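Here's coords.cif, which has mmCIF, C-alpha atoms:
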```cif
data_entry
#
loop_
_atom_site.label_atom_id
_atom_site.label_comp_id
_atom_site.auth_asym_id
_atom_site.auth_seq_id
_atom_site.Cartn_x
_atom_site.Cartn_y
_atom_site.Cartn_z
CA MET A 1 17.90 -3.91 -8.55
CA ASN A 2 19.66 -5.48 -5.55
CA ALA A 3 17.48 -5.21 -2.45
CA THR A 4 18.42 -6.45 1.00
CA PRO A 5 15.82 -8.36 3.05
CA PHE A 6 15.28 -7.18 6.63
CA GLU A 7 13.02 -7.85 9.61
CA LEU A 8 11.78 -5.65 12.44
CA GLN A 9 9.98 -6.62 15.65
CA LEU A 10 7.00 -4.49 16.65
CA ASP A 11 5.47 -5.65 19.94
CA GLY A 12 6.04 -9.27 19.00
CA ILE A 13 4.92 -8.83 15.39
CA ARG A 14 7.56 -9.51 12.75
CA VAL A 15 7.54 -6.93 9.95
CA ALA A 16 9.62 -7.97 6.95
CA GLY A 17 10.69 -5.98 3.95
CA LEU A 18 13.34 -5.01 1.43
CA ARG A 19 15.82 -2.14 1.51
CA ALA A 20 17.48 -0.67 -1.55
CA GLY A 21 19.45 2.33 -2.72
CA ASN A 22 21.83 4.59 -0.83
CA PRO A 23 21.93 4.21 2.99
CA ASP A 24 23.00 7.85 3.22
CA GLY A 25 20.23 9.06 0.93
CA LEU A 26 16.84 10.60 1.63
CA LYS A 27 14.83 8.30 3.90
CA VAL A 28 11.75 6.97 2.08
CA LEU A 29 9.27 4.48 3.55
CA ALA A 30 7.18 2.69 0.90
CA LEU A 31 3.75 1.22 1.69
CA HIS A 32 2.19 -1.18 -0.83
CA GLY A 33 -1.39 -1.80 -1.84
CA TRP A 34 -3.99 -4.32 -0.64
CA LEU A 35 -2.85 -7.94 -1.10
CA ASP A 36 0.45 -6.73 -2.60
CA ASN A 37 3.81 -6.74 -0.82
CA ALA A 38 7.20 -5.01 -0.75
CA ALA A 39 8.05 -6.33 -4.22
CA SER A 40 5.51 -3.84 -5.58
CA PHE A 41 8.25 -1.19 -5.41
CA LEU A 42 11.21 -3.14 -6.82
CA PRO A 43 10.82 -1.82 -10.39
CA LEU A 44 10.66 1.73 -9.01
CA ALA A 45 13.64 1.15 -6.70
CA ALA A 46 15.82 0.38 -9.70
CA GLN A 47 15.04 3.87 -11.02
CA LEU A 48 15.67 5.68 -7.71
CA PRO A 49 19.13 4.50 -6.58
CA THR A 50 19.99 7.67 -4.64
CA LEU A 51 17.22 7.14 -2.09
CA ASP A 52 17.37 5.06 1.07
CA LEU A 53 14.22 3.17 0.11
CA VAL A 54 12.63 0.88 2.70
CA MET A 55 9.82 -1.25 1.27
CA VAL A 56 7.82 -3.06 3.96
CA ASP A 57 5.44 -5.98 3.85
CA LEU A 58 2.55 -4.55 5.84
CA PRO A 59 1.31 -6.93 8.58
CA GLY A 60 -0.72 -9.74 7.08
CA HIS A 61 1.09 -9.44 3.73
CA GLY A 62 4.20 -11.00 2.24
CA TYR A 63 6.72 -12.26 4.78
CA SER A 64 5.33 -10.22 7.69
CA ASP A 65 3.37 -11.83 10.49
CA HIS A 66 -0.40 -11.82 10.58
CA LEU A 67 -1.95 -9.69 13.29
CA PRO A 68 -3.33 -11.60 16.31
CA LEU A 69 -6.94 -12.73 15.90
CA THR A 70 -7.94 -10.21 18.57
CA THR A 71 -6.46 -7.34 16.52
CA PRO A 72 -8.42 -6.35 13.41
CA TYR A 73 -6.88 -4.73 10.36
CA THR A 74 -8.02 -1.12 10.66
CA THR A 75 -6.75 2.16 9.25
CA PRO A 76 -6.08 3.77 12.67
CA HIS A 77 -3.99 0.74 13.65
CA ALA A 78 -2.10 0.99 10.35
CA ILE A 79 -1.18 4.61 11.18
CA VAL A 80 0.32 3.51 14.49
CA GLN A 81 2.15 0.62 12.80
CA THR A 82 3.67 2.92 10.20
CA LEU A 83 5.04 5.27 12.83
CA ALA A 84 6.32 2.29 14.83
CA ILE A 85 8.18 1.04 11.74
CA ALA A 86 9.81 4.46 11.34
CA ASP A 87 10.77 4.39 15.03
CA ALA A 88 12.31 0.92 14.64
CA LEU A 89 14.35 2.23 11.70
CA GLY A 90 15.53 5.14 13.82
CA TRP A 91 13.92 7.69 11.50
CA GLU A 92 12.59 10.89 13.03
CA ARG A 93 11.61 12.45 9.67
CA PHE A 94 11.04 10.69 6.40
CA VAL A 95 9.23 10.72 3.08
CA LEU A 96 6.23 8.44 2.60
CA LEU A 97 5.67 6.69 -0.72
CA GLY A 98 2.38 4.83 -1.01
CA HIS A 99 0.43 2.92 -3.62
CA SER A 100 -3.34 2.31 -3.41
CA MET A 101 -4.12 1.11 0.14
CA GLY A 102 -0.59 2.12 1.13
CA ALA A 103 -1.20 5.60 -0.26
CA ALA A 104 -4.42 5.84 1.74
CA ILE A 105 -2.53 4.89 4.92
CA ALA A 106 0.30 7.28 4.08
CA SER A 107 -2.21 10.10 3.58
CA LEU A 108 -3.56 9.59 7.08
CA VAL A 109 -0.09 9.39 8.62
CA ALA A 110 0.87 12.65 6.91
CA ALA A 111 -2.28 14.31 8.23
CA VAL A 112 -2.00 13.19 11.87
CA ALA A 113 1.81 13.13 12.26
CA GLY A 114 2.85 15.96 9.99
CA GLU A 115 5.85 16.87 12.12
CA ARG A 116 7.47 13.58 11.06
CA VAL A 117 6.49 13.36 7.40
CA GLN A 118 8.82 15.40 5.21
CA ALA A 119 6.83 14.79 2.03
CA LEU A 120 4.30 12.39 0.54
CA VAL A 121 4.18 10.63 -2.82
CA SER A 122 0.72 9.16 -3.29
CA ILE A 123 0.15 6.78 -6.22
CA GLU A 124 -3.39 5.81 -7.24
CA ALA A 125 -5.04 6.95 -4.00
CA LEU A 126 -5.34 9.95 -1.74
CA GLY A 127 -7.23 9.16 1.41
CA GLY A 128 -9.18 5.90 1.55
CA LEU A 129 -12.29 4.52 -0.08
CA THR A 130 -15.47 6.02 1.32
CA ALA A 131 -19.07 5.03 1.92
CA PRO A 132 -22.23 6.99 2.75
CA ALA A 133 -23.15 7.14 6.43
CA GLY A 134 -26.41 5.34 5.61
CA GLU A 135 -24.48 2.14 4.75
CA THR A 136 -22.90 1.83 8.20
CA VAL A 137 -25.16 -0.82 9.72
CA GLN A 138 -25.27 -2.97 6.60
CA ARG A 139 -21.49 -2.89 6.32
CA LEU A 140 -21.13 -4.00 9.92
CA ARG A 141 -23.62 -6.82 9.39
CA THR A 142 -21.84 -8.01 6.27
CA TYR A 143 -18.47 -7.95 8.03
CA VAL A 144 -19.70 -9.87 11.08
CA GLU A 145 -21.37 -12.53 8.93
CA ALA A 146 -18.21 -13.02 6.87
CA MET A 147 -16.00 -13.11 9.97
CA LEU A 148 -18.12 -15.84 11.57
CA LYS A 149 -17.76 -18.00 8.45
CA LEU A 150 -14.03 -17.44 8.01
CA ASP A 151 -12.83 -20.61 9.78
CA ALA A 152 -14.83 -22.79 7.39
CA LYS A 153 -12.97 -21.53 4.33
CA GLN A 154 -10.09 -23.57 2.92
CA LEU A 155 -7.01 -21.95 1.49
CA ARG A 156 -6.64 -22.57 -2.22
CA VAL A 157 -3.59 -24.60 -3.25
CA PHE A 158 -1.95 -24.04 -6.65
CA PRO A 159 0.13 -26.86 -8.19
CA ASP A 160 2.38 -24.21 -9.79
CA LEU A 161 2.62 -20.44 -10.00
CA SER A 162 1.26 -20.01 -13.51
CA ALA A 163 -2.38 -19.79 -12.38
CA PRO A 164 -1.96 -17.05 -9.73
CA VAL A 165 0.36 -15.12 -12.06
CA ARG A 166 -2.25 -15.20 -14.82
CA ALA A 167 -4.95 -14.18 -12.35
CA ARG A 168 -3.03 -11.09 -11.24
CA MET A 169 -2.31 -10.20 -14.86
CA MET A 170 -6.02 -10.33 -15.67
CA VAL A 171 -7.34 -8.59 -12.55
CA ASN A 172 -4.79 -5.77 -12.47
CA GLN A 173 -3.72 -5.57 -16.14
CA LEU A 174 -0.17 -6.27 -14.98
CA SER A 175 2.68 -7.44 -17.17
CA GLU A 176 3.80 -11.00 -16.50
CA ALA A 177 7.09 -9.81 -14.97
CA SER A 178 5.32 -7.47 -12.53
CA ALA A 179 2.69 -10.05 -11.59
CA ARG A 180 5.40 -12.64 -10.95
CA LEU A 181 7.26 -10.26 -8.62
CA LEU A 182 4.16 -9.91 -6.44
CA ILE A 183 3.20 -13.58 -6.58
CA GLU A 184 6.63 -14.97 -5.73
CA ARG A 185 6.74 -12.90 -2.54
CA GLY A 186 3.07 -13.47 -1.80
CA VAL A 187 2.94 -17.29 -1.72
CA LYS A 188 4.36 -20.11 0.41
CA THR A 189 4.99 -23.77 -0.25
CA VAL A 190 2.43 -26.22 1.14
CA ASP A 191 1.53 -29.85 0.53
CA GLY A 192 0.50 -30.08 -3.10
CA GLY A 193 2.03 -26.82 -4.27
CA TRP A 194 1.64 -23.19 -3.28
CA SER A 195 -0.79 -21.13 -1.21
CA TRP A 196 -1.16 -17.47 -0.28
CA ARG A 197 0.95 -16.02 2.55
CA SER A 198 -1.52 -13.21 3.19
CA ASP A 199 -3.92 -13.29 6.11
CA PRO A 200 -7.35 -14.58 4.95
CA ARG A 201 -8.95 -11.85 7.08
CA LEU A 202 -7.73 -9.31 4.51
CA MET A 203 -10.40 -10.69 2.18
CA LEU A 204 -13.18 -9.74 4.59
CA PRO A 205 -15.41 -6.80 3.61
CA THR A 206 -14.43 -3.53 5.29
CA ALA A 207 -16.44 -3.10 8.47
CA VAL A 208 -16.41 0.70 8.61
CA ARG A 209 -15.48 3.30 6.02
CA MET A 210 -15.14 7.03 6.43
CA THR A 211 -17.51 9.30 4.57
CA GLU A 212 -16.22 11.47 1.72
CA GLU A 213 -16.54 14.50 4.00
CA GLN A 214 -14.27 12.85 6.58
CA VAL A 215 -11.66 11.90 3.99
CA CYS A 216 -11.67 15.43 2.60
CA ASP A 217 -11.04 16.70 6.13
CA VAL A 218 -7.99 14.40 6.31
CA VAL A 219 -6.62 15.46 2.92
CA SER A 220 -7.03 19.15 3.77
CA ALA A 221 -4.90 18.59 6.89
CA ILE A 222 -1.84 17.30 4.98
CA LEU A 223 0.53 20.26 5.18
CA CYS A 224 3.72 18.72 3.78
CA PRO A 225 4.53 18.81 0.04
CA VAL A 226 2.55 16.12 -1.79
CA GLN A 227 2.99 14.60 -5.23
CA VAL A 228 -0.11 12.74 -6.39
CA ILE A 229 0.24 10.36 -9.33
CA TYR A 230 -2.86 8.93 -10.98
CA ALA A 231 -3.12 6.50 -13.87
CA THR A 232 -5.62 7.33 -16.56
CA PRO A 233 -8.27 6.23 -17.29
CA ALA A 234 -9.45 6.27 -13.67
CA GLN A 235 -10.36 3.09 -11.83
CA PRO A 236 -14.12 2.64 -11.24
CA TYR A 237 -13.72 2.55 -7.46
CA PHE A 238 -11.83 5.88 -7.44
CA PRO A 239 -13.43 7.80 -10.31
CA GLU A 240 -13.26 11.30 -11.62
CA PRO A 241 -14.06 13.96 -10.64
CA GLU A 242 -13.75 12.78 -7.02
CA ARG A 243 -10.08 11.88 -7.17
CA SER A 244 -9.03 15.20 -8.71
CA ARG A 245 -11.22 17.11 -6.26
CA ARG A 246 -9.31 15.52 -3.39
CA ALA A 247 -5.95 16.47 -4.87
CA ALA A 248 -7.16 20.07 -5.20
CA LEU A 249 -7.73 20.18 -1.43
CA LEU A 250 -4.04 19.73 -0.65
CA PRO A 251 -2.45 22.92 0.73
CA ASP A 252 0.87 22.06 -0.99
CA GLY A 253 0.00 19.50 -3.65
CA ARG A 254 0.70 18.77 -7.25
CA LEU A 255 -1.04 16.23 -9.49
CA HIS A 256 0.36 14.29 -12.43
CA THR A 257 -1.60 11.78 -14.51
CA LEU A 258 -0.02 9.07 -16.64
CA PRO A 259 -1.56 6.72 -19.17
CA GLY A 260 -1.66 3.28 -17.60
CA HIS A 261 -3.40 1.10 -15.05
CA HIS A 262 -3.63 0.75 -11.29
CA HIS A 263 -0.07 -0.63 -10.99
CA VAL A 264 1.47 2.01 -13.24
CA HIS A 265 4.45 2.27 -10.86
CA MET A 266 5.35 -1.34 -11.68
CA ASP A 267 4.77 -1.46 -15.44
CA ASP A 268 5.97 2.09 -16.21
CA PRO A 269 8.51 2.71 -13.43
CA GLY A 270 10.65 5.04 -15.53
CA ALA A 271 7.86 7.57 -16.00
CA VAL A 272 6.78 7.40 -12.36
CA ALA A 273 10.36 7.68 -11.11
CA ALA A 274 10.96 10.78 -13.24
CA ILE A 275 8.02 12.51 -11.55
CA ILE A 276 9.29 11.47 -8.12
CA ARG A 277 12.84 12.66 -8.84
CA ASP A 278 11.60 16.09 -9.94
CA PHE A 279 9.38 16.34 -6.87
CA ILE A 280 12.15 15.37 -4.45
CA ALA A 281 14.65 17.70 -6.09
CA ALA A 282 12.32 20.62 -5.37
CA LEU A 283 11.90 19.82 -1.66
CA PRO A 284 13.41 22.52 0.57
CA ASP A 285 15.15 19.94 2.82
CA ALA A 286 15.79 17.09 0.42
CA SER A 287 19.45 16.63 1.34
#
```

As structure tokens, the full file:
Amino acid sequence: MNATPFELQLDGIRVAGLRAGNPDGLKVLALHGWLDNAASFLPLAAQLPTLDLVMVDLPGHGYSDHLPLTTPYTTPHAIVQTLAIADALGWERFVLLGHSMGAAIASLVAAVAGERVQALVSIEALGGLTAPAGETVQRLRTYVEAMLKLDAKQLRVFPDLSAPVRARMMVNQLSEASARLLIERGVKTVDGGWSWRSDPRLMLPTAVRMTEEQVCDVVSAILCPVQVIYATPAQPYFPEPERSRRAALLPDGRLHTLPGHHHVHMDDPGAVAAIIRDFIAALPDAS
């Protein structure tokens, strides 16, 4: 699939990405998962040529700039960034397509800015990861301790790309081709080989998480049509029955499960694209 690189400027922050498909087609903004990048959606883009598909590297990932040290990576900030990206593209209304962390962000955008989100396709997440309220102080302590030690950590250098490709294949059960897509966009050349482009702060533990009750409140507020796609068996950090319970809260939602793993949209793009095409075709204002 031919995809065109692009860059946007958001208050001095460069946001890079890839654009594919039909410029006159339905506007779709794709948000990738944690430590992934825009290349996460290239296999899917090849199956959806009628869409105007914009795949961004979220700040701190891929070719996009890292956020300033005074600006933490938080979900509320990601909501604002997503809407700013749409503004920079000149899009008033658009469809959101998200995977994992990107799906969690997209869920929140759809809930708080529903007048702008025409529809939502949420792959392998719906709302974010949660934690009990009783873990709040310990999470904050763990985050602060890790943040204070961050400067002492050295970035790992790989003499070639085979090691990081194998690591992604093992951790995420990805095919070699899919892992290589993510790795090649996620590394940079340094003395001695290759190192990660991503902001090291993305590896910090999450300082604050919403409770399950709060996330359910968000999901219940998503009024646009939603297509949820889960791989089965479920991942341990987003297990059943919790993930299906969330999907059932959607006022206008539908759920489809596919055999596969967390990156099912990369390794089985044909099946995922077929679900998306059927969903989009049924939208009342899909033209």

List the residues matched by the PyMOL selection byres ((chain A and resi 159) around 8) in the displayed structure as number ranges by chain, ordered by chain and then by residue number. A: 157-158, 160-161, 192-194

Residue neighbourhood segment 35-48 of chain A, 7 Å, all atoms listed in the file, exclusion window fewer than 6 positions, as JSON, numbers by chain: {"A": [1, 17, 18, 20, 55, 56, 57, 61, 62, 181, 182, 185, 186, 198, 265, 266, 269, 270, 273]}

Length of the atom CA of Asp217 of chain A to atom CA of Ala119 of chain A vector [Å]: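 Going from atom CA of Asp217 of chain A over to atom CA of Ala119 of chain A covers 18.4 Å.
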
Out of A:Met147, A:Ala152, A:Val121, A:Leu10, which residue has the shortest atom-to-atom distance to Asp278 of chain A when counting all atoms listed in the file? A:Val121

To verify the selection step, state as a list in words which residues the PyMOL selection byres ((chain A and resi 180) around 10) yields on this input.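 Selected by the PyMOL selection byres ((chain A and resi 180) around 10) here: Ala39, Leu161, Ser162, Pro164, Val165, Arg166, Arg168, Met169, Leu174, Ser175, Glu176, Ala177, Ser178, Ala179, Leu181, Leu182, Ile183, Glu184, Arg185 and Gly186 of chain A.
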
Grab the atom CA of Leu29 of chain A to atom CA of Ala113 of chain A distance for me, in Å with one decimal place. 14.4 Å

For the structure shown, which residues end up in the PyMOL selection byres ((chain A and resi 245) around 12)? Put them as a ChimeraX atom specification, please? /A:126-127,212-213,215-216,219-220,228,238-244,246-250,253,255

What does the distance from atom CA of Thr70 of chain A to atom CA of Leu150 of chain A come to in Å, to one decimal? 14.2 Å

Taking 6 positions as the minimum chain separation for residues in the same chain, which residues sit within 12 Å of Lys153 of chain A when counting all atoms listed in the file? Answer as a list of chain:residue names.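 Surrounding residues, per the criterion: A:Ala146, A:Met147, A:Pro200, A:Arg201, A:Met203, A:Leu204.
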